[in-house]
Structures are given as structure tokens and as C-alpha cells.
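What follows is a short report on a single structure.
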Amino acid sequence: MITTSKVLRLIPCTPATPSRPLFVFLPGMDGSGTLLQSQVAGLSPHFDIRSLSIPPDDRTGWGELTERVATLIRVEQQRHPGHTTTVCGESFGGCLALSLISRFPDLCDQLILVNPASSARRQPWISACSSLTQLLPAPLYHLSTLSLCNLLIASHRVSRPRRQRLLAAMQAVSPQSAAWRLALLRQFRLEDLAIDRVRQPVLILASGADRLLPSQHEAWRLERCLPRATTLLLPDSGHACLIESQVHLSAILKSQAQWSDRMSLTRAMGAPVQPAAVLR
């Protein structure tokens with residue numbers, strides 16, 4: 001079930017547990033955070049999890065959006081004194097995470113980027129989709145989201161219920177807001193950010209079967225720019241990899257030396273690490 005709000009907010013995904021590190025998820029274009037649900041069970045023993053919820057009709061620019069999200073995170077950090085903060089941004093949320101960390105370099109202790117859409121402006125389809133989306137009548141818009149949904153996933157790796165949740169999350173965003181967020185991606189320039197200031201460890205997850213964006217090549221580019229970045233290739237995953245049955249973010253974090261010491265050694269049952277390769 002998709003729940004929406006008229007205000008930007010951080011939604012609790014777990015019962016409040018101030019004794020655990022804070023984990024803040026920044027969602028993709030849907031803005032709902034609903035798609036993190038499949039990862040919550042594995043992450044919840046180790047983190048107090050919050051997900052950003054962007055109202056379906058929100059049309060805030062990068063500058064204001066970055067400031068508002070930073071304020072929300074600061075409020076949550078006051079409830080977790082003495083604990084670390086992990087920010088995880090997926091796709092559109094990956095761009096927001098990069099904007100946050102470059103503008104507020106002390107905001108978090110570690111950063112996870114999941115197929116960040118920072119290469120979107122270099123894709124010819126972005127400009128065309130941004131212009132056309134807002135002109136589509138509702139039936140055609142819903143049909144277009146169905147086609148896009150198929151591009152977002154490696155279908156054989158995503159269960160039918162999760163596929164339906166993804167589609168519902170996409171269709172909850174109005175055509176005008178979808179066009180606005182596409183326009184934001186078109187405006188996003190990594191070169192405009194002071195990411196050389198970032199000293200936190202950064203883990204970049206790049207899907208090898210991403211049919212929407214060149215995520216592997218973008219991961220290489222980001223790794224060259226970020227002093228402490230490591231890229232992990234998910235060779236068989238699609239763009240929306242976090243809803244795949246084979247991907248378990250908690251197990252992936254435990255497999256990384258610089259992350260595992262921040263988590264419990266108890267392994268979530270049924271959460272094997274997906275075969276992956278570190279890109280150097």
C-alpha cells in the first residue's frame with residue numbers, strides 16, 4: 001500500500017530505536033520510499049531506519065530540497081546522540097545524496113549510492129521524456145509507467161508483488177511531478193558539486209544489467225571523484241536492484257570490511273550475499 005503525505009518528511013521504517021545507528025534512505029523518482037520495504041527486515045537489527053517521503057505533487061528545486069532534507073536529518077540525529085548516520089540514495093535519491101554530502105560534508109558518517117542517476121543529463125531520452133510526460137493524458141501516462149517499469153527491473157529477479165508495488169509507486173506520482181523530477185535530473189551536474197570535500201567512505205552499487213542508465217560507467221566516474229569510494233558490481237541486477245529477491249543490502253554491507261564493524265555479526269536468515277565484483 002502506498003502512503004503519501006503533503007509534506008516532505010522522514011518516515012519511520014522501524015520502531016524508534018535511538019540506541020542504534022541512523023539509516024536514512026533517499027528514494028528514486030517515485031519519492032515514496034516504499035521500495036525499501038524488502039530490505040528493512042535485514043537492516044533493522046543493525047539500524048534505526050528512516051525513509052524520505054516526497055509528496056507526489058512536490059516540485060522543489062535541488063537547492064531547497066537539499067536544505068530541507070538536511071534539516072530533517074539533523075532533527076533525527078538529535079534523537080540518536082553519539083551514533084553514526086548512514087545515508088543511502090537510490091537513483092534520483094543518489095543525486096540528492098551527492099548534493100547533500102557536497103553541501104553539508106559533515107551530515108553523515110558513510111554514504112551508499114545505488115545506481116545513482118547522476119549520468120541522466122547525458123542521456124538523450126531524458127529531455128524528450130521531460131517534455132512529453134506532462135502532456136500525456138492519464139491513461140497514456142499509466143501505460144507509459146508500465147513500459148518504464150519493465151525497463152527498471154530484471155523481471156526474472158523481481159517477484160510479482162514487488163513488481164506491482166513498484167508500478168503503484170510510479171503511478172502515484174502525477175505526470176507534472178514526474179516531468180519536474182526528470183527536469184531536475186537533466187539539470188544535475190556532478191561538476192557543480194564540491195564532492196572533493198567528501199571524506200566519508202562511499203559504497204557505490206552498480207547494476208550490470210541496468211537497461212535505464214549506464215550505471216557501471218557512472219560508478220567508475222564517481223569512484224575517480226570520491227576519495228574513499230568503493231564500487232560493487234551486481235552483475236545480473238537491473239536498475240531497481242533493491243527489490244530483487246537475490247539482493248540483500250545488509251549482507252552486502254557485512255561483506256565490506258569498512259562497513260561490517262558498524263553492524264552486528266548476526267547474519268539475517270535467508271540473506272546470502274549476491275555474487276558481486278569490486279571494480280577498481
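If you're wondering about the labels, chains in the C-alpha cells are A, B, ... by order shown, residues count from 1 in each chain, ligands from 1 in order shown.
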Point to revise | Members of segment 181-244 of chain A assigned alpha helix (DSSP H) by DSSP, as a ChimeraX atom specification | key: /A:181-187,215-225
Check your understanding: Excluding same-chain residues fewer than 4 positions from Gly93 of chain A, what lies within 8 Å of it counting only C-alpha atoms, as a PyMOL selection string?
Key -> chain A and resi 26-29+88-89+97+116
Export of prior selection with N, CA and C atoms as a PDB file, in the first residue's frame:
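Saved the output as selection-v4.pdb:
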ATOM      1  N   LEU A  26      17.051   7.637   0.763  1.00  0.00           N
ATOM      2  CA  LEU A  26      16.545   8.661  -0.158  1.00  0.00           C
ATOM      3  C   LEU A  26      16.082   7.941  -1.423  1.00  0.00           C
ATOM      4  N   PRO A  27      14.772   7.941  -1.701  1.00  0.00           N
ATOM      5  CA  PRO A  27      14.225   7.093  -2.765  1.00  0.00           C
ATOM      6  C   PRO A  27      14.453   7.634  -4.164  1.00  0.00           C
ATOM      7  N   GLY A  28      14.068   6.803  -5.141  1.00  0.00           N
ATOM      8  CA  GLY A  28      14.159   7.176  -6.540  1.00  0.00           C
ATOM      9  C   GLY A  28      13.048   8.116  -6.953  1.00  0.00           C
ATOM     10  N   MET A  29      12.744   8.124  -8.247  1.00  0.00           N
ATOM     11  CA  MET A  29      11.778   9.064  -8.822  1.00  0.00           C
ATOM     12  C   MET A  29      10.401   8.988  -8.174  1.00  0.00           C
ATOM     13  N   CYS A  88      21.642   6.548   2.381  1.00  0.00           N
ATOM     14  CA  CYS A  88      21.601   5.661   1.218  1.00  0.00           C
ATOM     15  C   CYS A  88      20.670   6.272   0.177  1.00  0.00           C
ATOM     16  N   GLY A  89      21.209   6.603  -0.991  1.00  0.00           N
ATOM     17  CA  GLY A  89      20.397   7.212  -2.044  1.00  0.00           C
ATOM     18  C   GLY A  89      20.332   6.314  -3.262  1.00  0.00           C
ATOM     19  N   ALA A  97      21.584  12.551  -2.565  1.00  0.00           N
ATOM     20  CA  ALA A  97      22.614  12.228  -1.577  1.00  0.00           C
ATOM     21  C   ALA A  97      23.931  12.932  -1.912  1.00  0.00           C
ATOM     22  N   PRO A 116      23.147   5.547  -8.836  1.00  0.00           N
ATOM     23  CA  PRO A 116      22.798   6.974  -8.836  1.00  0.00           C
ATOM     24  C   PRO A 116      22.568   7.485 -10.250  1.00  0.00           C
TER      25      PRO A 116
END
Review point. Got a sec: who's within 9 Å of Leu249 of chain A, counting only C-alpha atoms, leaving out chain neighbours fewer than 2 positions off, as a ChimeraX atom specification?
Key: /A:39,42-43,242,247,251-254,271,273
Check your understanding: So which residues touch Leu166 of chain A within 12 Å, counting only C-alpha atoms, skipping near sequence neighbours fewer than 6 positions away, as a PyMOL selection string?
Key -> chain A and resi 1-2+27-38+145-146+148-153+155+158-160+172-173+240-244
Exercise for review: Would you please work out which residue, of A:Leu98, A:Thr71, A:Asp58, A:Arg79, is nearest to Ser19 of chain A when using only C-alpha atoms?
Suggested key: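 Of A:Leu98, A:Thr71, A:Asp58, A:Arg79, the one nearest Ser19 of chain A is A:Arg79, counting only C-alpha atoms.
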Exercise for review: Work out how far atom CA of Val87 of chain A is from atom CA of Asp109 of chain A, in Å to one decimal.
Suggested key: 8.1 Å
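For the choices A:Ala257, A:Ser177, A:Asp236, A:Leu8, the atom-to-atom distance to Arg59 of chain A is smallest for A:Ser177 when using only C-alpha atoms.
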Exercise for review: Please measure the separation of atom CA of Leu190 of chain A and atom CA of Ala178 of chain A, giving the value in Å to one decimal.
Suggested key: 21.4 Å
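Note that the spacing between atom CA of Gln246 of chain A and atom CA of Ile204 of chain A amounts to 17.6 Å.
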Point to revise | Residues near Glu76 of chain A, cut-off 12 Å, only C-alpha atoms, skip fewer than 3 positions along chain, as a PyMOL selection string | key: chain A and resi 9-12+16-18+21-24+48-52+69-73+79-81+83-86+107-108
**Study point:** Contacts of Asp106 of chain A at 9 Å (only C-alpha atoms; same-chain gap of 4+ positions) as a ChimeraX atom specification
**Key:** /A:101,198,200
**Study point:** Filtered DSSP result for segment 133-269 of chain A, state strand (DSSP E), as a ChimeraX atom specification
**Key:** /A:202-207,229-234
Expected file: the selected residues, all heavy atoms, as a PDB file, in the first residue's frame:
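Below is the file that was written, selection-v3.pdb:
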ATOM      1  N   VAL A 202      32.385   5.767   0.887  1.00  0.00           N
ATOM      2  CA  VAL A 202      31.228   5.725  -0.008  1.00  0.00           C
ATOM      3  C   VAL A 202      31.207   4.361  -0.692  1.00  0.00           C
ATOM      4  O   VAL A 202      32.207   3.932  -1.271  1.00  0.00           O
ATOM      5  CB  VAL A 202      31.304   6.842  -1.082  1.00  0.00           C
ATOM      6  CG1 VAL A 202      30.086   6.773  -2.001  1.00  0.00           C
ATOM      7  CG2 VAL A 202      31.414   8.218  -0.433  1.00  0.00           C
ATOM      8  N   LEU A 203      30.070   3.686  -0.606  1.00  0.00           N
ATOM      9  CA  LEU A 203      29.877   2.417  -1.300  1.00  0.00           C
ATOM     10  C   LEU A 203      28.913   2.658  -2.456  1.00  0.00           C
ATOM     11  O   LEU A 203      27.796   3.128  -2.257  1.00  0.00           O
ATOM     12  CB  LEU A 203      29.303   1.361  -0.355  1.00  0.00           C
ATOM     13  CG  LEU A 203      29.014  -0.011  -0.976  1.00  0.00           C
ATOM     14  CD1 LEU A 203      30.287  -0.663  -1.492  1.00  0.00           C
ATOM     15  CD2 LEU A 203      28.308  -0.918   0.022  1.00  0.00           C
ATOM     16  N   ILE A 204      29.360   2.336  -3.675  1.00  0.00           N
ATOM     17  CA  ILE A 204      28.529   2.515  -4.863  1.00  0.00           C
ATOM     18  C   ILE A 204      28.118   1.146  -5.373  1.00  0.00           C
ATOM     19  O   ILE A 204      28.967   0.308  -5.694  1.00  0.00           O
ATOM     20  CB  ILE A 204      29.290   3.275  -5.974  1.00  0.00           C
ATOM     21  CG1 ILE A 204      29.904   4.573  -5.439  1.00  0.00           C
ATOM     22  CG2 ILE A 204      28.365   3.561  -7.152  1.00  0.00           C
ATOM     23  CD1 ILE A 204      30.869   5.230  -6.405  1.00  0.00           C
ATOM     24  N   LEU A 205      26.808   0.897  -5.426  1.00  0.00           N
ATOM     25  CA  LEU A 205      26.286  -0.338  -6.002  1.00  0.00           C
ATOM     26  C   LEU A 205      25.891  -0.059  -7.444  1.00  0.00           C
ATOM     27  O   LEU A 205      25.098   0.848  -7.718  1.00  0.00           O
ATOM     28  CB  LEU A 205      25.082  -0.843  -5.214  1.00  0.00           C
ATOM     29  CG  LEU A 205      25.302  -1.139  -3.719  1.00  0.00           C
ATOM     30  CD1 LEU A 205      24.050  -1.766  -3.115  1.00  0.00           C
ATOM     31  CD2 LEU A 205      26.512  -2.027  -3.514  1.00  0.00           C
ATOM     32  N   ALA A 206      26.465  -0.828  -8.368  1.00  0.00           N
ATOM     33  CA  ALA A 206      26.224  -0.615  -9.788  1.00  0.00           C
ATOM     34  C   ALA A 206      25.674  -1.892 -10.409  1.00  0.00           C
ATOM     35  O   ALA A 206      26.290  -2.954 -10.313  1.00  0.00           O
ATOM     36  CB  ALA A 206      27.525  -0.206 -10.491  1.00  0.00           C
ATOM     37  N   SER A 207      24.527  -1.786 -11.045  1.00  0.00           N
ATOM     38  CA  SER A 207      23.888  -2.948 -11.658  1.00  0.00           C
ATOM     39  C   SER A 207      24.456  -3.218 -13.051  1.00  0.00           C
ATOM     40  O   SER A 207      24.472  -2.336 -13.909  1.00  0.00           O
ATOM     41  CB  SER A 207      22.379  -2.725 -11.756  1.00  0.00           C
ATOM     42  OG  SER A 207      21.784  -2.742 -10.472  1.00  0.00           O
ATOM     43  N   ALA A 229      35.841   6.009  -2.155  1.00  0.00           N
ATOM     44  CA  ALA A 229      34.730   5.258  -2.737  1.00  0.00           C
ATOM     45  C   ALA A 229      35.162   3.854  -3.155  1.00  0.00           C
ATOM     46  O   ALA A 229      36.283   3.640  -3.608  1.00  0.00           O
ATOM     47  CB  ALA A 229      34.160   5.992  -3.940  1.00  0.00           C
ATOM     48  N   THR A 230      34.245   2.917  -2.975  1.00  0.00           N
ATOM     49  CA  THR A 230      34.397   1.547  -3.465  1.00  0.00           C
ATOM     50  C   THR A 230      33.155   1.203  -4.268  1.00  0.00           C
ATOM     51  O   THR A 230      32.034   1.491  -3.832  1.00  0.00           O
ATOM     52  CB  THR A 230      34.528   0.550  -2.298  1.00  0.00           C
ATOM     53  OG1 THR A 230      35.676   0.872  -1.524  1.00  0.00           O
ATOM     54  CG2 THR A 230      34.667  -0.882  -2.831  1.00  0.00           C
ATOM     55  N   THR A 231      33.341   0.605  -5.431  1.00  0.00           N
ATOM     56  CA  THR A 231      32.212   0.220  -6.268  1.00  0.00           C
ATOM     57  C   THR A 231      32.039  -1.288  -6.247  1.00  0.00           C
ATOM     58  O   THR A 231      33.005  -2.038  -6.401  1.00  0.00           O
ATOM     59  CB  THR A 231      32.419   0.680  -7.721  1.00  0.00           C
ATOM     60  OG1 THR A 231      32.488   2.108  -7.746  1.00  0.00           O
ATOM     61  CG2 THR A 231      31.255   0.241  -8.598  1.00  0.00           C
ATOM     62  N   LEU A 232      30.811  -1.709  -6.050  1.00  0.00           N
ATOM     63  CA  LEU A 232      30.477  -3.118  -6.058  1.00  0.00           C
ATOM     64  C   LEU A 232      29.527  -3.378  -7.214  1.00  0.00           C
ATOM     65  O   LEU A 232      28.475  -2.747  -7.312  1.00  0.00           O
ATOM     66  CB  LEU A 232      29.810  -3.503  -4.733  1.00  0.00           C
ATOM     67  CG  LEU A 232      29.795  -4.986  -4.377  1.00  0.00           C
ATOM     68  CD1 LEU A 232      31.215  -5.484  -4.105  1.00  0.00           C
ATOM     69  CD2 LEU A 232      28.929  -5.219  -3.151  1.00  0.00           C
ATOM     70  N   LEU A 233      29.927  -4.274  -8.091  1.00  0.00           N
ATOM     71  CA  LEU A 233      29.105  -4.604  -9.252  1.00  0.00           C
ATOM     72  C   LEU A 233      28.132  -5.725  -8.916  1.00  0.00           C
ATOM     73  O   LEU A 233      28.541  -6.778  -8.409  1.00  0.00           O
ATOM     74  CB  LEU A 233      30.004  -5.025 -10.419  1.00  0.00           C
ATOM     75  CG  LEU A 233      29.287  -5.556 -11.664  1.00  0.00           C
ATOM     76  CD1 LEU A 233      28.430  -4.472 -12.294  1.00  0.00           C
ATOM     77  CD2 LEU A 233      30.304  -6.093 -12.662  1.00  0.00           C
ATOM     78  N   LEU A 234      26.859  -5.500  -9.196  1.00  0.00           N
ATOM     79  CA  LEU A 234      25.836  -6.534  -9.109  1.00  0.00           C
ATOM     80  C   LEU A 234      25.573  -6.982 -10.545  1.00  0.00           C
ATOM     81  O   LEU A 234      24.783  -6.367 -11.265  1.00  0.00           O
ATOM     82  CB  LEU A 234      24.567  -5.971  -8.457  1.00  0.00           C
ATOM     83  CG  LEU A 234      24.761  -5.289  -7.090  1.00  0.00           C
ATOM     84  CD1 LEU A 234      23.440  -4.739  -6.571  1.00  0.00           C
ATOM     85  CD2 LEU A 234      25.384  -6.235  -6.087  1.00  0.00           C
TER      86      LEU A 234
END
Exercise for review: Please identify all polymer residues within 12 Å of Ser147 of chain A, counting only C-alpha atoms, omitting same-chain residues fewer than 4 positions from it, and present them as a ChimeraX atom specification.
Suggested key: /A:140-143,151-153,167,170-171,212
Revision key, fill the gap. If you count only C-alpha atoms, the residue of A:Pro15, A:Gly82, A:Gly61, A:Gly94 closest to Ala219 of chain A turns out to be A:Gly94
Review point. Nearest to Ser215 of chain A: which of A:Ser99, A:Ser144, A:Ser91, A:Ser255 is it, counting only C-alpha atoms?
Key: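 Among the listed residues, A:Ser91 lies closest to Ser215 of chain A.
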Practice item. Identify which of the residues A:Gln187, A:Ser102, A:Gln78, A:Ser245 lies closest to Ala117 of chain A, counting only C-alpha atoms when measuring atom-to-atom distances. Key: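 Once distances to Ala117 of chain A are computed over only C-alpha atoms, the minimum belongs to A:Gln187.
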